[in-house]
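Engineer: Okay, handing you the structure first.
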Amino acid sequence: MNRVLLVMLLLIFTPAWGTTLTPGDRVYLQLPGESAFDTPFTIDDQGQLRLPEAGLITVAGLNIEEAEQKIRKRLSAIYRNLDELELSIMEHLIRIQVLGYVEKPGMVSLKPGSNIQMAVAEAGGARPGAQLDQFKLMRNNKTQVFNYKLYLDSGEPSQLPALKSGDTIFVPASPLLGNIEVNFDAASLREGGDANEEQGITIFGELRNPGTFSFKPDMTVVDALMRADGVTRYADVTKIRVITNNIPYQFDLKAYLDTGDTSDLPPIKPGTTIFAPIEVEDINTTSRTVYVMGEVKAPGAYESSPGTGFIDVLANAGGPTRFAETTHIKLLSNVNAPISINLIEYTQNPGQYPLPPIQPGDVIFIPEKIDFNEKSWLKVTNDRAIKIIGAVNNPGRFEWNDSMSFLDVLAHAGGPKQQANISNIRLLKERYGSADNVIYFDLENFINEGGSFSQLPRLEAGDTIVIDELPHDPTDNKASWIRQSADDSIYVFGQVGAPGRYAFNRELSFLDILSAADGPIGDADLRQIRISHRDKNQTKVTRLNLSLYFETGDESMLPVVVPGDVIYVPKEQGNWLDKPAERVVRLMGSVNKPGRYTFNSQMNILDLLAEAGGPSDEAYIERIMIVNTSCCGDQAQTFNLRDYVIEPASYPLPLLRPGDTVYVPNKGDSIGEQWRQGLRDVLGLFTLIALGAAL
């Protein structure tokens, strides 16, 4: 096995006696028994080998035999047995120095046959901003300039000079970098151009990427413009200026793109200057011009061709803006009368709304939409305006057309306020010299009951809609009542929470208006409510027992009230004339609230006493006196309330009817109390006599 390895090593390290050693070569010195010679040695850039204990020895330029003899001679003073010393080349390399605008300048080692691209790559590659067409190769104090960019474009190895060991490659920086080191990417380098003015083409003006760019054979003006990323949308492509050899040319890019005639292309060469001017707004007065003005994206003069329609011209101008009033577009002509165009109606039904043809010289005017925050009325003429005043959220003067209904206009004004009287809306017609120019409309009834929209009042330009405001809480400001017509009001007086004058219509009921007045207060007499009806030639008064209604729930007891009626809620225990004697029971004596009480057949003496707050603390309830009134004369009876409370079954309640009188005596009126008082008086008299005798 060892013999096989030895044979292989001999085959690998067979001496090449005709090979010359150069810096960078890796050699192997075979000296058995010496471990310091087990690893290969590399010839440095000075052509020397550093040997163990022997130091540096120059071998560059020698062949294998010469170098081996020189090494043997140097080592003979150190080692005794050099019979088996042998020198062989493991790897033959060339040393190239790469300098300039590269990532890692310095010496690099390459295999024989390597080219300049490999040397530059070994040095980390050229840095962004390197001048690729001005590379230099220096050898034996001679300099050769070559175009590395041409090699990269074509891929031809013949464009690069051959390398030899000891050569120097220099990579220059682009003159566009200036004198300050900055960091930038390839895109920024490209945007600044890639050539100087003498060798390139200078392009400036309304271009996306102006600069100085390299000239290539067969390049045209269009190619140069595209190298600068093309013109901007502000460029005047009909007046591009080109200067070549100090001769000015004017180039019409639009005409060239329309015709494709290459004879219109001006000549260019290295040093040519191209300028794309900004488009100047001038007046175009050709025979095919149509003018678009007003609220469009791009107003101006536009060329039309046969068959061009209204929508085509409008679209060419960018279309209406969001401020455009597209319902009143005007088409002005020199030969025809002005035409008003409603673009909204056309978009809704194009087949039923044909657009007028467009002729050269016509003017399309798109007006501005009305801003309701502006106070100027001049933008809307009176022949297309309607006024809304009163209790609406946005009163004012609004634009109107025939397609709008009464509800459309009302909604346009923000709708009625919460306090609006929509049951009596007035519409003032602009009819000069006419007495019937006021129309009344009940919107509340229309909303609640429904109906055909044909019943809505017909509006015309110049009309005025008036919506009155209902008064607020009547207790707040009585002066606000003048806003409300008396024909739409009802009056509530007496013992209610908020007496006053209230808006009323025939859809409301008695309970609605009583609730609007905050209802009866605590001392209101619900049995004696009176309603005065004033809507007829003769006044009529209706009496209402509201307490009985609450007991029975009979809706027929509630009177029908209409605007103009008066509701009076009297005070409880008010004027006795309001309560005839035959309808009341008189309660007197020791009770908390003596007085006259309304009484009916469903009540008894306990109900009466309870309504009067019960007997007082000094009441003598064992002898309550009741006087019954009848056709045959008055009859008296007594009632022992204490015995009834203790044993109700044995003591029935006395009969009590309207017109009777009940008297609850005081404890001082009892017989026992009278005897005690008499005895107390006698004893007092004897005491006085005894005291007098003692004196």
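We name chains A, B, ... following the order of the structure tokens; residues begin at 1 in each chain, and ligands are numbered from 1 as shown.
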Write out as a ChimeraX atom specification all residues of region 37-284 of chain A that DSSP puts in alpha helix (DSSP H) for this structure's backbone.

Structural biologist: /A:64-75,116-122,148-154,186-191,221-227,253-259

Engineer: List as a PyMOL selection string the protein and nucleic acid residues near Lys142 (chain A), meaning an atom at most 12 Å away when only C-alpha atoms are counted, but skip any in the same chain fewer than 4 places from it.

Structural biologist: chain A and resi 136-138+167-169

Engineer: Which neighbours of Arg543 (chain A) fall inside 8 Å, counting only C-alpha atoms, when residues of the same chain fewer than 6 positions from it are skipped, and could you give them as a compact mmCIF listing (two decimals) with C-alpha atoms, in the first residue's frame?

Structural biologist:
# COMPACT_ATOMS: atom_id res chain seq x y z
CA GLN A 528 -117.14 68.77 37.01
CA ILE A 529 -115.05 69.33 33.82
CA ARG A 530 -116.73 71.66 31.34
CA ILE A 531 -116.12 72.05 27.58

Engineer: What's the 10 Å shell around region 567-570 of chain A, counting only C-alpha atoms, without same-chain residues fewer than 5 positions away, as an mmCIF file with N, CA and C atoms, in the first residue's frame?

Structural biologist:
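For reference, result_9.cif as written:
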data_model
loop_
_atom_site.group_PDB
_atom_site.id
_atom_site.type_symbol
_atom_site.label_atom_id
_atom_site.label_comp_id
_atom_site.auth_asym_id
_atom_site.auth_seq_id
_atom_site.Cartn_x
_atom_site.Cartn_y
_atom_site.Cartn_z
ATOM 1 N N ILE A 490 -106.657 75.344 20.625
ATOM 2 C CA ILE A 490 -107.652 74.986 21.632
ATOM 3 C C ILE A 490 -107.157 75.507 22.967
ATOM 4 N N TYR A 491 -108.085 75.895 23.874
ATOM 5 C CA TYR A 491 -107.725 76.575 25.111
ATOM 6 C C TYR A 491 -108.023 75.653 26.296
ATOM 7 N N VAL A 492 -107.062 75.587 27.222
ATOM 8 C CA VAL A 492 -107.205 74.754 28.418
ATOM 9 C C VAL A 492 -106.961 75.646 29.632
ATOM 10 N N PHE A 493 -107.972 75.719 30.550
ATOM 11 C CA PHE A 493 -107.875 76.550 31.748
ATOM 12 C C PHE A 493 -108.104 75.688 32.986
ATOM 13 N N GLY A 494 -107.873 76.308 34.135
ATOM 14 C CA GLY A 494 -108.220 75.683 35.396
ATOM 15 C C GLY A 494 -107.094 74.874 35.991
ATOM 16 N N GLN A 495 -107.503 73.799 36.648
ATOM 17 C CA GLN A 495 -106.579 73.013 37.455
ATOM 18 C C GLN A 495 -105.858 71.953 36.597
ATOM 19 N N VAL A 496 -104.952 72.437 35.725
ATOM 20 C CA VAL A 496 -104.103 71.560 34.920
ATOM 21 C C VAL A 496 -102.660 71.992 35.129
ATOM 22 N N PRO A 499 -101.796 75.291 31.948
ATOM 23 C CA PRO A 499 -102.900 75.899 31.201
ATOM 24 C C PRO A 499 -102.368 76.809 30.107
ATOM 25 N N PHE A 510 -109.826 64.498 23.090
ATOM 26 C CA PHE A 510 -109.878 65.241 24.346
ATOM 27 C C PHE A 510 -108.712 64.864 25.263
ATOM 28 N N ILE A 513 -105.297 66.528 24.180
ATOM 29 C CA ILE A 513 -105.073 67.922 24.557
ATOM 30 C C ILE A 513 -104.926 68.064 26.058
ATOM 31 N N LEU A 514 -105.651 67.218 26.852
ATOM 32 C CA LEU A 514 -105.503 67.283 28.296
ATOM 33 C C LEU A 514 -104.100 66.810 28.718
ATOM 34 N N GLY A 519 -101.973 67.398 32.149
ATOM 35 C CA GLY A 519 -102.998 66.712 32.914
ATOM 36 C C GLY A 519 -103.499 67.495 34.117
ATOM 37 N N PRO A 520 -104.566 67.014 34.752
ATOM 38 C CA PRO A 520 -105.105 67.692 35.937
ATOM 39 C C PRO A 520 -104.122 67.615 37.098
ATOM 40 N N ILE A 521 -104.157 68.645 37.941
ATOM 41 C CA ILE A 521 -103.298 68.651 39.125
ATOM 42 C C ILE A 521 -104.050 68.019 40.290
ATOM 43 N N ASP A 523 -105.663 69.007 43.075
ATOM 44 C CA ASP A 523 -106.948 69.473 43.601
ATOM 45 C C ASP A 523 -107.971 69.714 42.501
ATOM 46 N N ALA A 524 -107.769 69.099 41.323
ATOM 47 C CA ALA A 524 -108.733 69.253 40.232
ATOM 48 C C ALA A 524 -109.964 68.390 40.507
ATOM 49 N N ASP A 525 -111.134 68.954 40.194
ATOM 50 C CA ASP A 525 -112.397 68.229 40.349
ATOM 51 C C ASP A 525 -112.717 67.559 39.023
ATOM 52 N N LEU A 526 -112.366 66.281 38.896
ATOM 53 C CA LEU A 526 -112.553 65.569 37.633
ATOM 54 C C LEU A 526 -114.017 65.292 37.325
ATOM 55 N N ARG A 527 -114.909 65.498 38.287
ATOM 56 C CA ARG A 527 -116.330 65.204 38.056
ATOM 57 C C ARG A 527 -117.071 66.390 37.430
ATOM 58 N N GLN A 528 -116.423 67.577 37.435
ATOM 59 C CA GLN A 528 -117.137 68.771 37.006
ATOM 60 C C GLN A 528 -116.425 69.484 35.845
ATOM 61 N N ILE A 529 -115.750 68.723 34.955
ATOM 62 C CA ILE A 529 -115.048 69.333 33.821
ATOM 63 C C ILE A 529 -116.083 69.846 32.822
ATOM 64 N N ARG A 530 -115.816 71.054 32.295
ATOM 65 C CA ARG A 530 -116.735 71.661 31.338
ATOM 66 C C ARG A 530 -115.993 71.975 30.039
ATOM 67 N N ILE A 531 -116.676 71.763 28.905
ATOM 68 C CA ILE A 531 -116.121 72.045 27.578
ATOM 69 C C ILE A 531 -117.066 72.997 26.877
ATOM 70 N N SER A 532 -116.499 74.137 26.472
ATOM 71 C CA SER A 532 -117.291 75.134 25.747
ATOM 72 C C SER A 532 -116.970 75.014 24.264
ATOM 73 N N HIS A 533 -117.999 74.671 23.464
ATOM 74 C CA HIS A 533 -117.832 74.502 22.013
ATOM 75 C C HIS A 533 -118.156 75.818 21.318
ATOM 76 N N VAL A 541 -122.178 74.091 25.939
ATOM 77 C CA VAL A 541 -121.312 73.657 27.035
ATOM 78 C C VAL A 541 -121.602 72.195 27.342
ATOM 79 N N THR A 542 -120.557 71.405 27.408
ATOM 80 C CA THR A 542 -120.672 69.986 27.729
ATOM 81 C C THR A 542 -120.004 69.728 29.067
ATOM 82 N N ARG A 543 -120.690 68.933 29.939
ATOM 83 C CA ARG A 543 -120.125 68.549 31.226
ATOM 84 C C ARG A 543 -119.539 67.143 31.117
ATOM 85 N N LEU A 544 -118.428 66.918 31.798
ATOM 86 C CA LEU A 544 -117.742 65.628 31.724
ATOM 87 C C LEU A 544 -117.337 65.190 33.122
ATOM 88 N N VAL A 561 -113.904 67.322 20.706
ATOM 89 C CA VAL A 561 -113.424 68.705 20.732
ATOM 90 C C VAL A 561 -112.789 69.022 19.390
ATOM 91 N N ASN A 575 -116.737 76.462 44.186
ATOM 92 C CA ASN A 575 -118.018 77.142 44.356
ATOM 93 C C ASN A 575 -119.139 76.108 44.520
ATOM 94 N N ASP A 578 -121.615 75.005 41.903
ATOM 95 C CA ASP A 578 -121.284 73.991 40.904
ATOM 96 C C ASP A 578 -121.823 72.624 41.293
#

Engineer: What's the 9 Å shell around region 341-343 of chain A, counting only C-alpha atoms, without same-chain residues fewer than 2 positions away, as a compact mmCIF listing (two decimals) with C-alpha atoms, in the first residue's frame?

Structural biologist:
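See part16.txt below for the written result:
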# COMPACT_ATOMS: atom_id res chain seq x y z
CA THR A 326 -74.49 68.66 -14.81
CA THR A 327 -78.22 69.40 -15.08
CA HIS A 328 -77.70 72.81 -16.73
CA ILE A 329 -74.84 72.40 -19.21
CA LYS A 330 -74.93 75.06 -21.92
CA LEU A 331 -74.01 74.53 -25.57
CA ILE A 339 -79.09 74.72 -25.83
CA GLU A 345 -81.40 62.72 -17.62
CA TYR A 346 -79.24 61.52 -20.50
CA THR A 347 -77.40 59.01 -18.29
CA GLN A 348 -80.70 57.74 -16.90
CA TYR A 353 -82.72 62.09 -24.43
CA LEU A 355 -77.64 64.93 -27.36
CA PRO A 356 -77.15 67.77 -29.88

Engineer: Just the residues within 6 Å of region 124-129 of chain A, please, counting only C-alpha atoms, with nothing from its chain fewer than 6 positions along; format it as a list of chain:residue names.

Structural biologist: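 So the residues in contact are A:Tyr101, A:Val102, A:Glu103, A:Lys104, A:Ser174.
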
Engineer: Those residues with C-alpha atoms, as a PDB file, in the first residue's frame please?

Structural biologist:
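Final output, again_3.pdb:
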ATOM      1  CA  TYR A 101     -12.100  51.863  -8.101  1.00  0.00           C
ATOM      2  CA  VAL A 102     -12.568  48.239  -6.994  1.00  0.00           C
ATOM      3  CA  GLU A 103     -13.882  46.795  -3.758  1.00  0.00           C
ATOM      4  CA  LYS A 104     -10.582  45.128  -2.612  1.00  0.00           C
ATOM      5  CA  SER A 174     -16.315  58.087 -13.560  1.00  0.00           C
TER       6      SER A 174
END

Engineer: If you count only C-alpha atoms, which residues fall within 6 Å of Ile388 (chain A), apart from same-chain ones fewer than 6 positions away, as a list in words?

Structural biologist: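 What passes the distance filter is Pro395, Gly396, Thr464 and Ile465 of chain A.
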